[in-house]
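Trainee: Here you go, this is run18.csv (CSV, C-alpha atoms).
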```
chain,number,residue,atom,x,y,z
A,22,GLY,CA,99.2,78.7,122.2
A,23,GLU,CA,102.7,80.2,121.8
A,24,TYR,CA,104.3,76.8,121.1
A,25,PHE,CA,102.0,75.8,118.3
A,26,GLY,CA,102.2,79.4,116.9
A,27,LYS,CA,106.0,79.0,116.6
A,28,CYS,CA,105.5,75.7,114.8
A,29,GLU,CA,103.2,77.3,112.3
A,30,ALA,CA,105.6,80.3,111.9
A,31,ILE,CA,108.4,77.9,111.0
A,32,VAL,CA,106.3,76.1,108.4
A,33,THR,CA,105.2,79.3,106.9
A,34,ALA,CA,108.8,80.6,106.7
A,35,TYR,CA,110.1,77.3,105.3
A,36,LYS,CA,107.5,77.4,102.5
A,37,LYS,CA,108.4,81.0,101.8
A,38,LEU,CA,112.0,80.1,101.3
A,39,ASP,CA,111.0,77.4,98.8
A,40,ARG,CA,108.6,79.8,97.0
A,41,ILE,CA,111.2,82.5,96.5
A,42,GLY,CA,113.9,80.1,95.6
A,43,LEU,CA,116.3,80.3,98.6
A,44,ASN,CA,115.7,76.6,99.3
A,45,ARG,CA,114.3,73.6,97.3
A,46,GLY,CA,112.5,70.5,98.4
A,47,ALA,CA,113.9,69.3,101.7
A,48,SER,CA,117.1,71.5,101.7
A,49,GLY,CA,117.9,73.9,104.4
A,50,ASN,CA,116.4,74.2,107.9
A,51,ILE,CA,114.8,76.7,110.3
A,52,SER,CA,114.6,76.8,114.1
A,53,MET,CA,113.2,79.0,116.9
A,54,ARG,CA,114.2,79.2,120.5
A,55,THR,CA,111.7,77.9,123.1
A,56,ASN,CA,111.6,77.9,126.9
A,57,ASN,CA,113.1,74.4,127.0
A,58,GLY,CA,115.4,74.5,124.0
A,59,PHE,CA,114.4,75.0,120.4
A,60,LEU,CA,112.0,73.9,117.7
A,61,ILE,CA,113.5,72.8,114.4
A,62,THR,CA,112.3,71.5,111.0
A,63,PRO,CA,112.5,67.7,110.5
A,64,SER,CA,115.1,65.9,108.4
A,65,GLY,CA,114.4,65.0,104.8
A,66,LEU,CA,110.8,66.0,104.7
A,67,ASN,CA,109.8,67.7,101.4
A,68,VAL,CA,108.3,71.2,101.8
A,69,GLU,CA,104.9,70.1,100.3
A,70,LYS,CA,104.4,67.6,103.0
A,71,MET,CA,105.5,69.7,106.0
A,72,ASP,CA,103.1,71.0,108.6
A,73,ALA,CA,103.2,72.2,112.2
A,74,ASN,CA,102.9,68.7,113.6
A,75,ASN,CA,106.2,67.7,112.0
A,76,MET,CA,108.3,70.2,114.1
A,77,VAL,CA,110.7,68.7,116.6
A,78,GLU,CA,111.6,70.3,119.9
A,79,LEU,CA,115.1,69.5,121.3
A,80,ASN,CA,117.1,70.6,124.3
A,81,TYR,CA,120.6,72.0,123.6
A,82,GLU,CA,122.1,68.5,123.9
A,83,GLY,CA,119.9,67.2,121.1
A,84,ILE,CA,117.5,65.2,123.3
A,85,PRO,CA,114.0,65.2,121.7
A,86,LEU,CA,111.3,66.8,123.9
A,87,THR,CA,108.6,66.4,121.3
A,88,GLY,CA,108.6,64.8,117.9
A,89,THR,CA,111.3,62.7,116.2
A,90,ASN,CA,113.8,62.9,113.3
A,91,PRO,CA,115.2,66.5,113.7
A,92,SER,CA,117.2,68.1,110.9
A,93,SER,CA,120.7,66.7,110.6
A,94,GLU,CA,122.0,70.3,111.3
A,95,TRP,CA,120.5,70.4,114.8
A,96,ARG,CA,124.0,70.7,116.4
A,97,LEU,CA,124.6,73.9,114.4
A,98,HIS,CA,121.3,75.5,115.7
A,99,ALA,CA,122.0,74.3,119.3
A,100,GLU,CA,125.5,75.7,119.4
A,101,ILE,CA,124.3,79.1,118.1
A,102,TYR,CA,121.6,79.3,120.8
A,103,LYS,CA,124.0,78.3,123.5
A,104,ARG,CA,126.6,80.9,122.4
A,105,LYS,CA,124.4,83.8,121.3
A,106,LYS,CA,121.8,84.4,124.0
A,107,GLY,CA,120.0,87.2,122.1
A,108,VAL,CA,119.2,85.0,119.1
A,109,GLY,CA,115.6,83.8,118.8
A,110,ALA,CA,115.7,82.2,115.4
A,111,VAL,CA,118.1,80.6,113.0
A,112,VAL,CA,117.7,80.1,109.2
A,113,HIS,CA,120.0,78.0,107.1
A,114,THR,CA,119.7,78.0,103.3
A,115,HIS,CA,121.3,76.5,100.2
A,116,SER,CA,120.5,79.5,98.1
A,117,ASN,CA,122.2,79.7,94.7
A,118,PHE,CA,124.5,82.7,95.0
A,119,ALA,CA,125.4,82.3,98.6
A,120,SER,CA,126.3,78.7,97.9
A,121,ALA,CA,128.3,79.7,94.9
A,122,LEU,CA,130.3,82.2,96.8
A,123,SER,CA,130.8,79.8,99.7
A,124,SER,CA,132.4,77.3,97.2
A,125,LEU,CA,135.1,79.9,96.7
A,126,ARG,CA,135.7,79.8,100.4
A,127,GLN,CA,135.9,83.6,100.5
A,128,ASN,CA,134.2,86.2,102.6
A,129,LEU,CA,131.5,88.5,101.2
A,130,PRO,CA,133.5,91.8,101.4
A,131,ALA,CA,132.1,95.4,101.8
A,132,PHE,CA,131.4,95.9,98.1
A,133,HIS,CA,128.1,97.5,99.1
A,134,TYR,CA,127.2,99.3,102.3
A,135,MET,CA,124.3,96.9,103.0
A,136,VAL,CA,126.8,94.2,103.8
A,137,ALA,CA,126.6,95.8,107.2
A,138,VAL,CA,123.2,94.3,107.9
A,139,GLY,CA,125.1,91.2,108.9
A,140,GLY,CA,126.5,93.1,111.9
A,141,GLY,CA,130.0,94.0,110.7
A,142,ARG,CA,132.4,95.0,107.8
A,143,ASP,CA,131.9,91.7,106.0
A,144,ILE,CA,130.2,88.4,106.0
A,145,ARG,CA,132.7,85.7,106.9
A,146,CYS,CA,132.9,82.3,105.3
A,147,CYS,CA,133.6,79.6,107.9
A,148,GLU,CA,136.0,76.7,107.2
A,149,TYR,CA,134.6,73.6,105.6
A,150,ALA,CA,133.4,70.7,107.7
A,151,ILE,CA,131.0,67.9,106.9
A,152,PHE,CA,127.3,68.7,107.3
A,153,GLY,CA,125.6,67.9,110.6
A,154,SER,CA,128.9,67.6,112.5
A,155,LYS,CA,129.9,69.1,115.8
A,156,ASP,CA,133.0,70.4,114.0
A,157,LEU,CA,130.8,72.4,111.5
A,158,ALA,CA,128.8,73.8,114.4
A,159,GLY,CA,131.9,75.1,116.1
A,160,LYS,CA,133.3,76.6,112.9
A,161,VAL,CA,130.0,78.4,112.2
A,162,VAL,CA,129.8,79.9,115.7
A,163,GLU,CA,133.4,81.1,115.3
A,164,ALA,CA,132.5,82.9,112.0
A,165,LEU,CA,129.4,84.4,113.7
A,166,GLU,CA,131.5,86.2,116.3
A,167,GLY,CA,130.1,89.8,116.3
A,168,ARG,CA,127.9,88.9,113.3
A,169,MET,CA,124.4,87.8,112.6
A,170,ALA,CA,125.2,85.7,109.5
A,171,CYS,CA,128.0,83.8,107.8
A,172,LEU,CA,128.7,81.7,104.7
A,173,MET,CA,129.4,78.0,105.2
A,174,ALA,CA,132.2,76.8,102.9
A,175,ASN,CA,131.0,74.6,100.0
A,176,HIS,CA,127.6,74.6,101.6
A,177,GLY,CA,125.4,77.7,102.0
A,178,LEU,CA,124.4,80.4,104.4
A,179,VAL,CA,123.2,80.7,108.0
A,180,CYS,CA,121.4,83.7,109.4
A,181,CYS,CA,120.4,84.6,113.0
A,182,GLY,CA,117.7,87.0,114.2
A,183,LYS,CA,116.1,88.1,117.4
A,184,GLU,CA,112.9,87.1,115.7
A,185,LEU,CA,112.3,84.7,112.8
A,186,ASP,CA,111.2,87.4,110.4
A,187,HIS,CA,114.6,89.2,111.0
A,188,ALA,CA,116.5,86.0,110.1
A,189,ILE,CA,114.4,85.5,107.0
A,190,PHE,CA,115.1,89.0,105.9
A,191,LEU,CA,118.8,88.5,106.3
A,192,ALA,CA,118.7,85.4,104.2
A,193,GLU,CA,116.9,87.2,101.4
A,194,GLU,CA,119.1,90.3,101.6
A,195,LEU,CA,122.4,88.4,101.7
A,196,GLU,CA,121.5,86.2,98.8
A,197,ALA,CA,120.8,89.3,96.8
A,198,LEU,CA,124.1,90.8,97.9
A,199,CYS,CA,126.0,87.6,96.9
A,200,LYS,CA,124.4,87.8,93.5
A,201,GLN,CA,125.4,91.4,93.1
A,202,TYR,CA,129.0,90.7,94.2
A,203,LEU,CA,129.5,87.7,91.9
A,204,THR,CA,128.0,89.7,89.0
A,205,ALA,CA,130.4,92.6,89.7
A,206,ARG,CA,133.4,90.2,90.0
A,207,SER,CA,132.5,88.7,86.6
A,208,ILE,CA,133.0,92.2,85.2
A,209,GLY,CA,136.2,92.8,87.2
A,210,GLY,CA,137.7,95.5,89.4
A,211,VAL,CA,135.2,95.5,92.3
A,212,LYS,CA,135.9,98.5,94.6
A,213,ILE,CA,135.6,97.6,98.3
A,214,LEU,CA,134.6,100.1,100.9
A,215,SER,CA,137.2,100.8,103.6
A,216,ASP,CA,136.9,99.7,107.2
A,217,SER,CA,136.4,103.3,108.2
A,218,GLU,CA,133.7,103.8,105.6
A,219,MET,CA,131.9,100.7,106.9
A,220,GLU,CA,132.2,101.8,110.5
A,221,LEU,CA,130.3,105.0,109.5
A,222,VAL,CA,127.6,102.9,107.9
A,223,ILE,CA,127.3,100.7,111.0
A,224,GLU,CA,127.1,103.8,113.2
A,225,LYS,CA,124.5,105.3,111.0
A,226,PHE,CA,122.3,102.2,111.2
A,227,LYS,CA,122.6,102.3,115.0
A,228,ASN,CA,121.8,106.0,115.2
A,229,ASP,CA,118.8,105.7,112.8
A,230,ASP,CA,117.5,102.8,114.9
A,231,GLU,CA,117.7,105.0,118.0
A,232,LYS,CA,115.6,107.7,116.2
A,233,TYR,CA,113.1,105.0,115.2
A,234,GLN,CA,112.8,103.6,118.6
A,235,GLY,CA,112.4,107.1,120.1
A,236,LEU,CA,109.7,107.9,117.6
A,237,ILE,CA,107.5,104.8,118.6
A,238,GLY,CA,108.7,104.7,122.2
A,239,ARG,CA,105.6,106.5,123.4
A,240,GLY,CA,103.5,103.8,121.8
A,241,LEU,CA,104.9,100.8,123.6
A,242,ASP,CA,101.4,100.1,125.1
A,243,LEU,CA,99.9,100.1,121.6
A,244,ASN,CA,99.6,97.2,119.2
A,245,VAL,CA,101.9,97.1,116.1
A,246,LYS,CA,99.5,98.7,113.8
A,247,GLN,CA,98.8,101.6,116.2
A,248,SER,CA,102.5,102.1,116.7
A,249,MET,CA,103.1,102.2,113.0
A,250,ASP,CA,100.2,104.6,112.5
A,251,LEU,CA,101.9,106.9,115.1
A,252,MET,CA,105.2,106.7,113.1
A,253,ILE,CA,103.4,107.5,109.8
A,254,SER,CA,101.7,110.5,111.3
A,255,GLU,CA,104.9,112.0,112.6
A,256,SER,CA,107.2,111.0,109.7
A,257,GLU,CA,106.9,114.4,108.1
A,258,ASN,CA,108.6,116.0,111.1
A,259,TRP,CA,111.9,114.4,110.0
A,260,LYS,CA,111.8,115.6,106.4
A,261,GLU,CA,113.7,118.8,107.0
A,262,GLU,CA,115.7,117.7,110.1
A,263,ASP,CA,117.2,114.6,108.5
A,264,GLU,CA,116.3,113.9,104.9
A,265,VAL,CA,118.2,110.6,104.6
A,266,PHE,CA,116.4,109.2,107.7
A,267,TYR,CA,113.1,110.5,106.3
A,268,GLN,CA,113.7,108.7,103.0
A,269,SER,CA,114.5,105.5,104.8
A,270,LEU,CA,111.5,105.8,107.1
A,271,THR,CA,109.2,106.5,104.1
A,272,LYS,CA,110.5,103.4,102.4
A,273,ASN,CA,109.9,101.2,105.4
A,274,ILE,CA,106.4,102.7,106.0
A,275,GLN,CA,105.6,101.5,102.5
A,276,ALA,CA,107.0,98.1,103.4
A,277,TYR,CA,104.7,97.9,106.4
A,278,LYS,CA,101.7,98.8,104.2
A,279,ASP,CA,102.7,95.8,102.0
A,280,TRP,CA,102.7,93.6,105.1
A,281,VAL,CA,106.4,93.1,105.3
A,282,PRO,CA,107.3,92.5,108.9
A,283,TYR,CA,109.9,94.5,110.9
A,284,PRO,CA,109.8,97.5,108.6
A,285,TYR,CA,112.9,99.2,110.1
A,286,GLU,CA,114.7,96.8,112.5
A,287,HIS,CA,116.0,94.7,109.6
A,288,TYR,CA,118.6,97.3,108.9
A,289,VAL,CA,120.0,97.1,112.4
A,290,CYS,CA,122.0,94.3,113.9
A,291,ASP,CA,122.9,94.0,117.5
A,292,ARG,CA,126.7,93.4,117.2
A,293,GLU,CA,126.9,92.0,120.8
A,294,ILE,CA,124.3,89.2,120.2
```
Rewrite the structure from the file as structure tokens, please.

Mentor:
Amino acid sequence: GEYFGKCEAIVTAYKKLDRIGLNRGASGNISMRTNNGFLITPSGLNVEKMDANNMVELNYEGIPLTGTNPSSEWRLHAEIYKRKKGVGAVVHTHSNFASALSSLRQNLPAFHYMVAVGGGRDIRCCEYAIFGSKDLAGKVVEALEGRMACLMANHGLVCCGKELDHAIFLAEELEALCKQYLTARSIGGVKILSDSEMELVIEKFKNDDEKYQGLIGRGLDLNVKQSMDLMISESENWKEEDEVFYQSLTKNIQAYKDWVPYPYEHYVCDREI
């Protein structure tokens, strides 16, 4: 059923994070919202030993509904779900470059327009608090105001998504951006985009998403593949009308063909979530 499917999805995502180097061993954690609370990965269990039966369901006060021994960061996940009603999944990583930047206790600034995938002009770094604490959960939620991701001082990265695949995408994208930014800083003289320039980027992401949604809107009763086939068949119509959008659409059609989920929605963040 849906419950076990979410358990399996979390395990698959957790193993992916290990495979691509965003987490190692038993580091990091993943959760998904449920009807009664949320499912979360267990504490201290190495990725090789993890399966769907190890997932723990908690209510928002941390009381186990199924399973035992939830991640020590359950308070962080619970607080996000309580405060951000549109979030369906949370991913926390100890990825190398995000953790390195977090140790500087600095925000990830708008050195690249793709920083806007986090929902704003930068990715904030929350103040330090010990892992697993209520204090840390509060600081993270504060840094996530109007955002879908934040750095955690001397710790790592947390990403939210309407769906799990969206949160995983953000974790991958922001780790790459942290690497690019730290590389540029090592050379010196990083040029930062202005607030007005980033507002244009955010608005363009929003407008492009509206075009995308309109394009597949007639296919709401179709399955995902049929909707994507409709988008592919009509993509040429955008070539002359909006070349930039056409190029973005083409790129993400290819991503779909390679079985990457959420081929366009990744680039859009609901800033009110």

Trainee: Using all atoms listed in the file, determine which residues lie at most 8 Å from Val162 (chain A), disregarding the query and same-chain residues fewer than 2 positions distant; provide the list as a list in words.

Mentor: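 In the requested format, the answer is Glu100, Ile101, Arg104, Ala158, Gly159, Lys160, Ala164, Leu165 and Glu166 of chain A.
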
Trainee: Can you list, as a list in words, every protein, DNA or RNA residue that comes within 8 Å of Met76 (chain A) when you count all atoms listed in the file, leaving out same-chain residues fewer than 2 positions away?

Mentor: Cys28, Leu60, Ile61, Thr62, Pro63, Asp72, Ala73, Asn74, Glu78, Gly88 and Pro91 of chain A

Trainee: In Å to one decimal, how far is CA of Ala34 (chain A) from CA of Lys70 (chain A)?

Mentor: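 Taking CA of Lys70 (chain A) and CA of Ala34 (chain A), their separation equals 14.2 Å.
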
Trainee: Can you work out the spacing between CA of Arg54 (chain A) and CA of Lys36 (chain A) in Å, to one decimal?

Mentor: 19.3 Å

Trainee: Please identify all polymer residues within 10 Å of Lys27 (chain A), counting all atoms listed in the file, omitting same-chain residues fewer than 2 positions from it, and present them as number ranges by chain.

Mentor: A: 22-25, 29-33, 52-55, 60-61, 73, 76, 185

Trainee: Calculate how many Å separate CA of Val112 (chain A) from CA of Arg45 (chain A), rounding to one decimal.

Mentor: 14.0 Å

Trainee: Considering only C-alpha atoms, can you say which of A:Ala188, A:Cys181, A:Cys171, A:Ala47 comes closest to Lys106 (chain A)?

Mentor: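 For Lys106 (chain A), the nearest of the candidates is A:Cys181.
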
Trainee: Please identify all polymer residues within 6 Å of Val108 (chain A), counting only C-alpha atoms, omitting same-chain residues fewer than 2 positions from it, and present them as an MDAnalysis selection string.

Mentor: chainID A and resid 105:106 110 182:183

Trainee: Out of A:Leu157, A:Ile189, A:Cys146, A:Met169, which residue has the shortest atom-to-atom distance to Ala99 (chain A) when counting all atoms listed in the file?

Mentor: A:Leu157

Trainee: Identify which of the residues A:Ile144, A:His176, A:Thr87, A:Asn128 lies closest to Gly49 (chain A), counting all atoms listed in the file when measuring atom-to-atom distances.

Mentor: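 Smallest separation from Gly49 (chain A) among the options: A:His176.
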
Trainee: Smallest atom-to-atom distance to Ala131 (chain A): which of A:Leu86, A:Val111, A:Val68, A:Val211, using all atoms listed in the file?

Mentor: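 For Ala131 (chain A), the nearest of the given residues is A:Val211.
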